[in-house]
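Dumped work_37.txt below, it's compact mmCIF, C-alpha atoms:
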# COMPACT_ATOMS: atom_id res chain seq x y z
CA MET A 195 114.19 -89.17 -38.60
CA SER A 196 111.72 -90.74 -41.03
CA ILE A 197 108.71 -88.86 -42.42
CA THR A 198 106.39 -91.02 -40.27
CA GLU A 199 108.42 -90.32 -37.13
CA GLU A 200 108.49 -86.59 -37.88
CA THR A 201 104.72 -86.53 -38.40
CA THR A 202 104.18 -88.37 -35.11
CA GLN A 203 106.45 -85.90 -33.31
CA ASN A 204 104.54 -82.95 -34.79
CA HIS A 205 101.22 -84.41 -33.61
CA ARG A 206 102.43 -84.65 -30.01
CA PRO A 207 100.38 -82.35 -27.75
CA ASP A 208 103.44 -80.49 -26.49
CA ALA A 209 104.57 -79.79 -30.06
CA ILE A 210 101.05 -78.69 -31.08
CA LEU A 211 100.76 -76.36 -28.10
CA ALA A 212 104.26 -74.93 -28.60
CA ARG A 213 103.64 -74.19 -32.28
CA ASN A 214 100.35 -72.46 -31.60
CA ARG A 215 101.75 -70.58 -28.61
CA ALA A 216 104.42 -69.13 -30.89
CA LEU A 217 101.62 -67.82 -33.14
CA PHE A 218 99.50 -66.02 -30.55
CA GLU A 219 101.89 -65.18 -27.71
CA PRO A 220 103.52 -62.08 -29.27
CA ALA A 221 100.05 -60.57 -29.71
CA LEU A 222 99.16 -61.54 -26.14
CA HIS A 223 102.27 -59.78 -24.78
CA ALA A 224 101.51 -56.71 -26.90
CA ALA A 225 97.97 -56.57 -25.53
CA ILE A 226 99.10 -56.94 -21.91
CA ASP A 227 101.61 -54.13 -22.41
CA ARG A 228 98.64 -51.80 -22.99
CA LEU A 229 97.19 -52.41 -19.52
CA PRO A 230 97.24 -49.62 -16.92
CA ALA A 231 100.44 -49.58 -14.89
CA ALA A 232 98.42 -50.02 -11.68
CA VAL A 233 97.44 -53.60 -12.55
CA ARG A 234 100.08 -54.68 -15.06
CA PRO A 235 102.53 -56.11 -12.45
CA ALA A 236 99.82 -58.39 -11.01
CA VAL A 237 98.86 -59.54 -14.52
CA THR A 238 102.41 -60.27 -15.70
CA TYR A 239 103.06 -62.09 -12.42
CA HIS A 240 99.90 -64.16 -12.86
CA PHE A 241 100.91 -65.09 -16.42
CA GLY A 242 104.39 -66.03 -15.25
CA HIS A 243 106.14 -63.32 -17.27
CA HIS A 244 107.63 -61.65 -14.15
CA ASP A 245 108.17 -62.40 -10.50
CA GLU A 246 106.64 -60.32 -7.69
CA TYR A 247 109.49 -57.81 -7.99
CA GLY A 248 109.06 -57.31 -11.72
CA ALA A 249 112.06 -59.39 -12.80
CA PRO A 250 111.53 -61.57 -15.91
CA THR A 251 110.93 -65.26 -15.21
CA HIS A 252 110.69 -68.43 -17.26
CA THR A 253 107.55 -69.65 -15.53
CA THR A 254 104.94 -70.97 -17.96
CA SER A 255 101.48 -69.43 -18.00
CA GLY A 256 99.65 -72.74 -18.24
CA LYS A 257 99.29 -75.01 -21.25
CA ALA A 258 97.33 -72.47 -23.34
CA ILE A 259 94.95 -75.12 -24.66
CA ARG A 260 92.11 -72.67 -25.29
CA PRO A 261 93.94 -70.33 -27.71
CA ALA A 262 95.38 -73.37 -29.48
CA LEU A 263 91.82 -74.62 -30.01
CA VAL A 264 90.89 -71.29 -31.59
CA LEU A 265 93.77 -71.42 -34.07
CA LEU A 266 93.30 -75.09 -34.93
CA ALA A 267 89.54 -74.69 -35.43
CA ALA A 268 90.19 -71.83 -37.85
CA GLU A 269 92.57 -74.07 -39.80
CA ALA A 270 90.23 -77.03 -39.63
CA VAL A 271 87.51 -75.15 -41.54
CA GLY A 272 89.96 -73.94 -44.20
CA GLY A 273 91.02 -70.58 -42.75
CA THR A 274 94.42 -69.36 -41.63
CA PRO A 275 95.48 -69.35 -37.99
CA ALA A 276 96.91 -65.84 -38.36
CA ALA A 277 93.42 -64.47 -39.01
CA ALA A 278 92.19 -65.98 -35.73
CA VAL A 279 95.02 -64.67 -33.51
CA PRO A 280 92.92 -61.80 -32.02
CA ALA A 281 90.20 -64.30 -31.10
CA ALA A 282 92.82 -66.60 -29.55
CA VAL A 283 94.24 -63.72 -27.49
CA ALA A 284 90.75 -62.71 -26.34
CA VAL A 285 89.97 -66.27 -25.22
CA GLU A 286 93.21 -66.51 -23.25
CA LEU A 287 92.57 -63.13 -21.60
CA VAL A 288 89.05 -64.15 -20.57
CA HIS A 289 90.29 -67.47 -19.22
CA ASN A 290 92.83 -65.69 -17.03
CA PHE A 291 90.30 -63.08 -15.94
CA SER A 292 88.25 -65.97 -14.58
CA LEU A 293 91.26 -67.56 -12.87
CA LEU A 294 92.25 -64.33 -11.11
CA HIS A 295 88.72 -63.89 -9.77
CA ASP A 296 88.25 -67.58 -8.93
CA ASP A 297 91.42 -67.60 -6.82
CA VAL A 298 90.15 -64.67 -4.77
CA MET A 299 86.63 -66.09 -4.34
CA ASP A 300 87.84 -69.60 -3.54
CA GLY A 301 90.70 -68.43 -1.30
CA ASP A 302 93.20 -70.50 -3.28
CA THR A 303 96.78 -69.69 -2.31
CA THR A 304 98.71 -71.54 -5.04
CA ARG A 305 98.40 -71.77 -8.82
CA ARG A 306 100.95 -73.23 -11.24
CA HIS A 307 103.28 -74.00 -8.33
CA ARG A 308 103.44 -70.33 -7.22
CA PRO A 309 101.54 -68.16 -4.74
CA THR A 310 98.38 -66.81 -6.36
CA ALA A 311 98.38 -63.19 -7.49
CA TRP A 312 95.96 -62.04 -4.80
CA THR A 313 98.22 -63.37 -2.03
CA VAL A 314 101.11 -61.32 -3.45
CA PHE A 315 99.40 -58.11 -4.60
CA GLY A 316 96.22 -58.18 -2.50
CA ALA A 317 92.67 -59.23 -3.31
CA ASN A 318 91.56 -55.80 -4.50
CA THR A 319 94.39 -55.52 -7.02
CA ALA A 320 93.77 -59.06 -8.28
CA ILE A 321 90.08 -58.28 -8.81
CA LEU A 322 90.91 -55.11 -10.71
CA ALA A 323 93.51 -57.00 -12.76
CA GLY A 324 90.85 -59.54 -13.71
CA ASN A 325 88.46 -56.75 -14.67
CA ALA A 326 91.20 -55.22 -16.83
CA LEU A 327 91.80 -58.53 -18.63
CA LEU A 328 88.10 -58.90 -19.44
CA THR A 329 87.95 -55.36 -20.80
CA LEU A 330 91.15 -55.91 -22.76
CA ALA A 331 89.72 -59.09 -24.32
CA MET A 332 86.74 -57.18 -25.66
CA ASP A 333 88.97 -54.36 -26.89
CA VAL A 334 91.26 -56.78 -28.76
CA LEU A 335 88.27 -58.10 -30.70
CA ALA A 336 86.68 -54.70 -31.24
CA ALA A 337 89.92 -53.26 -32.64
CA ASP A 338 90.44 -56.13 -35.08
CA GLY A 339 89.36 -55.48 -38.65
CA HIS A 340 88.26 -59.05 -39.34
CA GLY A 341 84.74 -59.39 -40.68
CA ALA A 342 83.91 -61.86 -37.90
CA SER A 343 84.90 -59.53 -35.06
CA ARG A 344 81.34 -58.39 -34.34
CA ASP A 345 80.10 -61.97 -34.16
CA GLY A 346 83.13 -62.84 -32.05
CA LEU A 347 82.30 -60.12 -29.55
CA ARG A 348 78.69 -61.28 -29.20
CA MET A 349 79.82 -64.89 -28.81
CA LEU A 350 82.38 -63.97 -26.17
CA SER A 351 79.91 -61.83 -24.20
CA SER A 352 77.45 -64.73 -24.11
CA THR A 353 80.21 -67.06 -22.93
CA VAL A 354 81.22 -64.68 -20.12
CA PHE A 355 77.60 -64.71 -18.92
CA ASP A 356 77.84 -68.52 -18.79
CA LEU A 357 81.10 -68.28 -16.82
CA VAL A 358 79.53 -65.88 -14.32
CA ARG A 359 76.49 -68.12 -13.85
CA GLY A 360 78.71 -71.16 -13.37
CA GLN A 361 80.95 -69.43 -10.84
CA GLN A 362 77.96 -68.11 -8.89
CA ASN A 363 76.43 -71.57 -8.74
CA ASP A 364 79.77 -73.02 -7.63
CA LEU A 365 79.88 -70.49 -4.78
CA ASP A 366 76.24 -71.18 -3.88
CA PHE A 367 76.97 -74.91 -3.69
CA GLU A 368 79.44 -74.26 -0.86
CA ARG A 369 76.55 -73.13 1.35
CA ARG A 370 74.07 -75.79 0.29
CA TRP A 371 73.67 -79.36 1.49
CA ASP A 372 71.16 -80.39 -1.20
CA VAL A 373 73.13 -80.08 -4.45
CA ASP A 374 71.96 -82.68 -6.98
CA LEU A 375 74.06 -84.20 -9.72
CA ASP A 376 72.24 -82.62 -12.67
CA GLU A 377 72.77 -79.07 -11.41
CA CYS A 378 76.40 -79.88 -10.61
CA VAL A 379 76.91 -80.98 -14.22
CA ARG A 380 75.21 -77.80 -15.47
CA MET A 381 77.52 -75.73 -13.29
CA ALA A 382 80.56 -77.47 -14.81
CA GLU A 383 79.19 -76.90 -18.30
CA ASP A 384 78.86 -73.17 -17.61
CA LYS A 385 82.11 -72.70 -15.73
CA THR A 386 84.41 -74.83 -17.91
CA SER A 387 82.76 -76.26 -21.01
CA ALA A 388 81.34 -72.96 -22.24
CA LEU A 389 84.74 -71.34 -22.83
CA LEU A 390 86.23 -74.43 -24.46
CA GLY A 391 83.20 -74.65 -26.73
CA HIS A 392 83.51 -70.95 -27.48
CA ALA A 393 87.20 -71.34 -28.36
CA CYS A 394 86.35 -73.90 -31.04
CA ALA A 395 83.29 -72.01 -32.29
CA VAL A 396 84.99 -68.62 -32.57
CA GLY A 397 87.94 -70.25 -34.33
CA ALA A 398 85.56 -71.68 -36.91
CA THR A 399 83.90 -68.26 -37.24
CA PHE A 400 87.20 -66.47 -37.87
CA GLY A 401 88.22 -69.27 -40.24
CA GLY A 402 85.16 -68.67 -42.41
CA GLY A 403 83.42 -71.95 -41.60
CA LYS A 404 80.06 -70.74 -40.34
CA ASP A 405 78.40 -74.02 -41.31
CA ARG A 406 80.75 -75.85 -38.91
CA VAL A 407 80.57 -73.49 -35.93
CA GLU A 408 78.01 -75.51 -33.98
CA PRO A 409 79.64 -78.95 -34.47
CA LEU A 410 82.96 -77.52 -33.32
CA ARG A 411 81.25 -75.84 -30.36
CA GLU A 412 79.75 -79.21 -29.43
CA PHE A 413 83.19 -80.84 -29.71
CA GLY A 414 84.65 -78.24 -27.34
CA ARG A 415 81.78 -78.42 -24.87
CA SER A 416 81.80 -82.23 -24.72
CA PHE A 417 85.49 -82.56 -24.16
CA GLY A 418 85.32 -79.51 -21.86
CA THR A 419 82.97 -81.33 -19.50
CA ALA A 420 85.24 -84.37 -19.69
CA PHE A 421 88.13 -82.03 -18.86
CA GLN A 422 86.25 -80.80 -15.76
CA HIS A 423 85.63 -84.35 -14.58
CA ILE A 424 89.37 -85.00 -14.76
CA ASP A 425 90.13 -81.66 -13.10
CA ASP A 426 87.85 -82.62 -10.23
CA LEU A 427 89.52 -86.02 -9.90
CA LEU A 428 92.90 -84.28 -9.78
CA GLY A 429 91.51 -81.92 -7.14
CA ILE A 430 91.17 -84.94 -4.84
CA TRP A 431 93.77 -87.46 -5.95
CA GLY A 432 96.13 -85.48 -8.17
CA ARG A 433 99.83 -85.34 -7.41
CA PRO A 434 101.00 -81.89 -6.28
CA ASP A 435 103.73 -81.92 -8.96
CA ILE A 436 100.97 -82.13 -11.59
CA THR A 437 98.32 -79.87 -10.05
CA GLY A 438 100.48 -77.34 -8.21
CA LYS A 439 98.12 -77.78 -5.25
CA PRO A 440 98.20 -80.03 -2.15
CA ILE A 441 96.64 -83.48 -2.45
CA HIS A 442 92.95 -83.53 -1.43
CA SER A 443 92.82 -79.74 -1.90
CA ASP A 444 89.16 -79.75 -3.03
CA LEU A 445 88.13 -81.78 0.01
CA ARG A 446 89.78 -79.34 2.41
CA SER A 447 87.48 -76.61 1.13
CA ARG A 448 84.48 -78.99 1.06
CA LYS A 449 84.08 -78.36 -2.64
CA LYS A 450 80.95 -79.85 -4.25
CA SER A 451 82.86 -81.21 -7.22
CA LEU A 452 81.45 -83.75 -9.67
CA PRO A 453 82.83 -86.94 -8.04
CA VAL A 454 81.92 -85.65 -4.57
CA VAL A 455 78.31 -84.88 -5.52
CA ALA A 456 78.06 -88.23 -7.32
CA ALA A 457 79.13 -89.91 -4.09
CA LEU A 458 76.88 -87.78 -1.85
CA THR A 459 73.82 -88.55 -3.99
CA SER A 460 74.66 -92.24 -4.52
CA LYS A 461 72.34 -93.48 -1.72
CA THR A 462 75.06 -95.93 -0.71
CA PRO A 463 76.27 -96.54 2.86
CA SER A 464 79.59 -94.88 1.96
CA GLY A 465 77.75 -91.90 0.47
CA ASN A 466 75.67 -91.52 3.63
CA THR A 467 78.79 -91.69 5.80
CA LEU A 468 80.45 -89.10 3.56
CA ALA A 469 77.45 -86.78 4.00
CA ASP A 470 77.69 -87.08 7.78
CA LEU A 471 81.38 -86.18 7.61
CA TYR A 472 81.30 -83.57 4.85
CA LEU A 473 78.03 -81.70 5.31
CA ASN A 474 78.55 -80.06 8.68
CA ASP A 475 80.30 -77.03 10.11
CA ARG A 476 82.95 -78.97 12.03
CA GLU A 477 86.50 -78.35 10.84
CA LEU A 478 87.90 -81.33 8.99
CA SER A 479 91.08 -82.87 10.36
CA GLU A 480 93.72 -84.40 8.11
CA ALA A 481 92.37 -87.82 9.03
CA ASP A 482 88.85 -86.68 8.09
CA ILE A 483 90.08 -85.49 4.70
CA VAL A 484 91.80 -88.79 3.98
CA ARG A 485 88.64 -90.62 5.08
CA ALA A 486 86.49 -88.41 2.84
CA ALA A 487 88.62 -89.32 -0.19
CA GLU A 488 88.20 -93.01 0.64
CA LEU A 489 84.44 -92.59 0.97
CA VAL A 490 84.11 -90.74 -2.36
CA GLU A 491 85.84 -93.68 -4.02
CA ALA A 492 83.87 -96.33 -2.12
CA ALA A 493 80.58 -94.63 -3.03
CA GLY A 494 81.50 -94.76 -6.73
CA GLY A 495 82.22 -91.06 -7.29
CA ARG A 496 85.71 -91.60 -8.64
CA ARG A 497 84.64 -94.36 -11.04
CA TRP A 498 81.60 -92.38 -12.22
CA SER A 499 83.62 -89.27 -13.07
CA GLN A 500 86.22 -91.30 -14.95
CA GLU A 501 83.53 -93.12 -16.93
CA GLN A 502 81.79 -89.83 -17.71
CA ALA A 503 85.07 -88.33 -18.90
CA ASP A 504 85.69 -91.29 -21.21
CA THR A 505 82.14 -91.18 -22.61
CA LEU A 506 82.23 -87.43 -23.21
CA LEU A 507 85.62 -87.64 -24.89
CA ASP A 508 84.29 -90.34 -27.24
CA ARG A 509 81.31 -88.10 -28.04
CA ALA A 510 83.60 -85.16 -28.79
CA LEU A 511 85.80 -87.24 -31.08
CA ASP A 512 82.74 -88.61 -32.88
CA VAL A 513 81.65 -85.04 -33.64
CA LEU A 514 85.01 -84.31 -35.23
CA CYS A 515 84.86 -87.47 -37.32
CA SER A 516 81.42 -86.58 -38.67
CA THR A 517 82.34 -82.97 -39.57
CA ASP A 518 84.01 -81.91 -42.81
CA LEU A 519 87.39 -80.65 -41.56
CA ALA A 520 90.93 -80.42 -42.88
CA PRO A 521 92.72 -83.64 -41.82
CA ARG A 522 95.85 -82.31 -40.09
CA PRO A 523 94.22 -79.68 -37.79
CA ALA A 524 91.36 -82.09 -37.09
CA GLU A 525 93.86 -84.71 -35.93
CA GLU A 526 95.56 -82.11 -33.76
CA LEU A 527 92.24 -81.15 -32.19
CA ARG A 528 91.74 -84.83 -31.40
CA ALA A 529 95.23 -85.03 -29.90
CA LEU A 530 94.62 -82.03 -27.63
CA ALA A 531 91.28 -83.40 -26.44
CA ARG A 532 92.84 -86.76 -25.56
CA PHE A 533 95.74 -85.02 -23.84
CA ALA A 534 93.44 -82.86 -21.71
CA VAL A 535 91.26 -85.77 -20.64
CA HIS A 536 94.04 -88.28 -20.01
CA ARG A 537 95.98 -86.17 -17.53
CA THR A 538 95.60 -88.75 -14.74
CA HIS A 539 97.01 -91.58 -16.88
So that I can check it, write out the structure of this file as structure tokens.
Amino acid sequence: MSITEETTQNHRPDAILARNRALFEPALHAAIDRLPAAVRPAVTYHFGHHDEYGAPTHTTSGKAIRPALVLLAAEAVGGTPAAAVPAAVAVELVHNFSLLHDDVMDGDTTRRHRPTAWTVFGANTAILAGNALLTLAMDVLAADGHGASRDGLRMLSSTVFDLVRGQQNDLDFERRWDVDLDECVRMAEDKTSALLGHACAVGATFGGGKDRVEPLREFGRSFGTAFQHIDDLLGIWGRPDITGKPIHSDLRSRKKSLPVVAALTSKTPSGNTLADLYLNDRELSEADIVRAAELVEAAGGRRWSQEQADTLLDRALDVLCSTDLAPRPAEELRALARFAVHRTH
């Protein structure tokens, strides 16, 4: 293999994620081992470390993009990834706290091609497991001797408040017929973009690059909103082998996702027909769900979300280009952003 070929291989998203996973995962396992025995089985099941009977499995616990962003941001500002491992672990714990609670609140029965933790261990145990992960995240940062730990704790607390606000708004939208597009975008920014922005910002903080914290936060937030647009597109049109959920899953639950709200507020004939179908208490048949997907596309919701994702990704990449960063980790941040936003391609 030539030097150029080797460099290209190393910049592949799967190689970047695998290398960074190897850096933070031992610390993640060590932290989880400290959890109370009452919730640990639900947590290790959720992460894919064990099956429902406690036997080890080889199931992956997601792509772990967020902790990779922490470690790469630390490197990009001239720090070492090892110094940012506690922050990476904390981010991954908070992300999974939110997933455990979201699955209960949304009634989702599958995640990562397996039954969700609450369907196996019960909703109460899943909620307590999520609470334990959030507490553990704070403890991991508080116990670390890094000079940025105090700032990291304050940053993470602020981000959790954003997550809570975003999730509450998402739940409120289920009961409302008058959701507008601007508030839907704000909800996505709180629920998804905030933690991705935090991952990049806290990485820069632990890497010693305080002057580059805000640009890296903006990078993470911009590509995070692009990521949510793609996630919402996958929630309607994604293949089950990619999403781990049935096709049209978001429409079955009448989710007010970004492309759906764009269609509902489009003032087009298709958008009006979608509103008549979607915004009522009648149970949707399979034919209704298929028709709803067609109407979202006809009203321009699918095209709008894809265009927004592309624009936001370009904005995120522009931020990286205009910030003084080490070349290799900066390129890997770009690669991960493209990978996350091009999941439908």
By how many Å are CA of Pro440 (chain A) and CA of Gly301 (chain A) apart?
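The value is 13.8 Å.
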Find, counting only C-alpha atoms, the residue in A:Glu246, A:Asp208, A:Asp405, A:Glu383 that gets nearest to Ala258 (chain A).
A:Asp208
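In this structure, CA of Gly316 (chain A) sits 28.8 Å away from CA of Ala388 (chain A).
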Report, in Å to a single decimal, how far apart CA of Val396 (chain A) and CA of Thr353 (chain A) are.
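Distance between the two atoms: 10.9 Å.
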Using only C-alpha atoms, give me every residue within 7 Å of (94.0, -80.8, -18.0) in file coordinates, as a ChimeraX atom specification.
/A:421,425,534-535,537
Okay, now the selection with C-alpha atoms, as a PDB file, in the coordinates of the input?
ATOM      1  CA  PHE A 421      88.130 -82.030 -18.860  1.00  0.00           C
ATOM      2  CA  ASP A 425      90.130 -81.660 -13.100  1.00  0.00           C
ATOM      3  CA  ALA A 534      93.440 -82.860 -21.710  1.00  0.00           C
ATOM      4  CA  VAL A 535      91.260 -85.770 -20.640  1.00  0.00           C
ATOM      5  CA  ARG A 537      95.980 -86.170 -17.530  1.00  0.00           C
TER       6      ARG A 537
END
Would you please work out which residue, of A:Thr329, A:Thr310, A:Thr399, A:Gln502, is nearest to Ala277 (chain A) when using only C-alpha atoms?
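For Ala277 (chain A), the nearest of the given residues is A:Thr399.
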What lies within 6 Å of Gly495 (chain A) using only C-alpha atoms, ignoring chain neighbours under 6 positions off, as a PyMOL selection string?
chain A and resi 453+456-457
Let's have the selection written as a PDB file, in the coordinates of the input, with C-alpha atoms.
ATOM      1  CA  PRO A 453      82.830 -86.940  -8.040  1.00  0.00           C
ATOM      2  CA  ALA A 456      78.060 -88.230  -7.320  1.00  0.00           C
ATOM      3  CA  ALA A 457      79.130 -89.910  -4.090  1.00  0.00           C
TER       4      ALA A 457
END
Shell of 12 Å around Phe291 (chain A), only C-alpha atoms, local chain residues under 5 positions omitted, as a tab-separated table (two decimals) with C-alpha atoms, in the coordinates of the input:
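Okay, out-v4.tsv is ready:
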chain	number	residue	atom	x	y	z
A	236	ALA	CA	99.82	-58.39	-11.01
A	237	VAL	CA	98.86	-59.54	-14.52
A	240	HIS	CA	99.90	-64.16	-12.86
A	241	PHE	CA	100.91	-65.09	-16.42
A	284	ALA	CA	90.75	-62.71	-26.34
A	285	VAL	CA	89.97	-66.27	-25.22
A	286	GLU	CA	93.21	-66.51	-23.25
A	296	ASP	CA	88.25	-67.58	-8.93
A	297	ASP	CA	91.42	-67.60	-6.82
A	298	VAL	CA	90.15	-64.67	-4.77
A	311	ALA	CA	98.38	-63.19	-7.49
A	320	ALA	CA	93.77	-59.06	-8.28
A	321	ILE	CA	90.08	-58.28	-8.81
A	322	LEU	CA	90.91	-55.11	-10.71
A	323	ALA	CA	93.51	-57.00	-12.76
A	324	GLY	CA	90.85	-59.54	-13.71
A	325	ASN	CA	88.46	-56.75	-14.67
A	326	ALA	CA	91.20	-55.22	-16.83
A	327	LEU	CA	91.80	-58.53	-18.63
A	328	LEU	CA	88.10	-58.90	-19.44
A	329	THR	CA	87.95	-55.36	-20.80
A	330	LEU	CA	91.15	-55.91	-22.76
A	331	ALA	CA	89.72	-59.09	-24.32
A	332	MET	CA	86.74	-57.18	-25.66
A	354	VAL	CA	81.22	-64.68	-20.12
A	357	LEU	CA	81.10	-68.28	-16.82
A	358	VAL	CA	79.53	-65.88	-14.32
Pick the closest to Asp470 (chain A) from A:Thr517, A:Lys439, A:Leu458, A:Lys257: which is it, counting only C-alpha atoms?
A:Leu458
As a list in words, please: the residues near Gly256 (chain A) (cut-off 10 Å, all atoms listed in the file, same-chain neighbours under 3 positions excluded).
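With the cut-off at 10 Å, the set is Phe241, Gly242, Thr253, Ile259, Asn290, Arg305 and Arg306 of chain A.
In terms of minimum interatomic distance to Ala481 (chain A), A:His442 ranks closest within A:Arg497, A:Asp374, A:Val513, A:His442, counting all atoms listed in the file.
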Spatial neighbours of Cys394 (chain A), 8 Å, all atoms listed in the file, chain gap at least 5 places, as a list in words
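Within the cut-off, the hits are Leu263, Val264, Ala267, Val407, Leu410, Arg411, Phe413 and Gly414 of chain A.
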Return the single residue from A:Pro250, A:Pro521, A:Pro280, A:Gly429 that is closest to Asp333 (chain A), with distances computed using only C-alpha atoms.
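Closest residue, counting only C-alpha atoms: A:Pro280.
With distances taken over all atoms listed in the file, A:Ala493 is the one residue among A:Ala493, A:Leu473, A:Ala281, A:Leu265 lying closest to Ser460 (chain A).
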Would you kindly return, as a ChimeraX atom specification, each protein, DNA or RNA residue with an atom no farther than 9 Å from any atom of Met299 (chain A), considering only C-alpha atoms and excluding same-chain residues fewer than 4 positions away?
/A:294-295,365
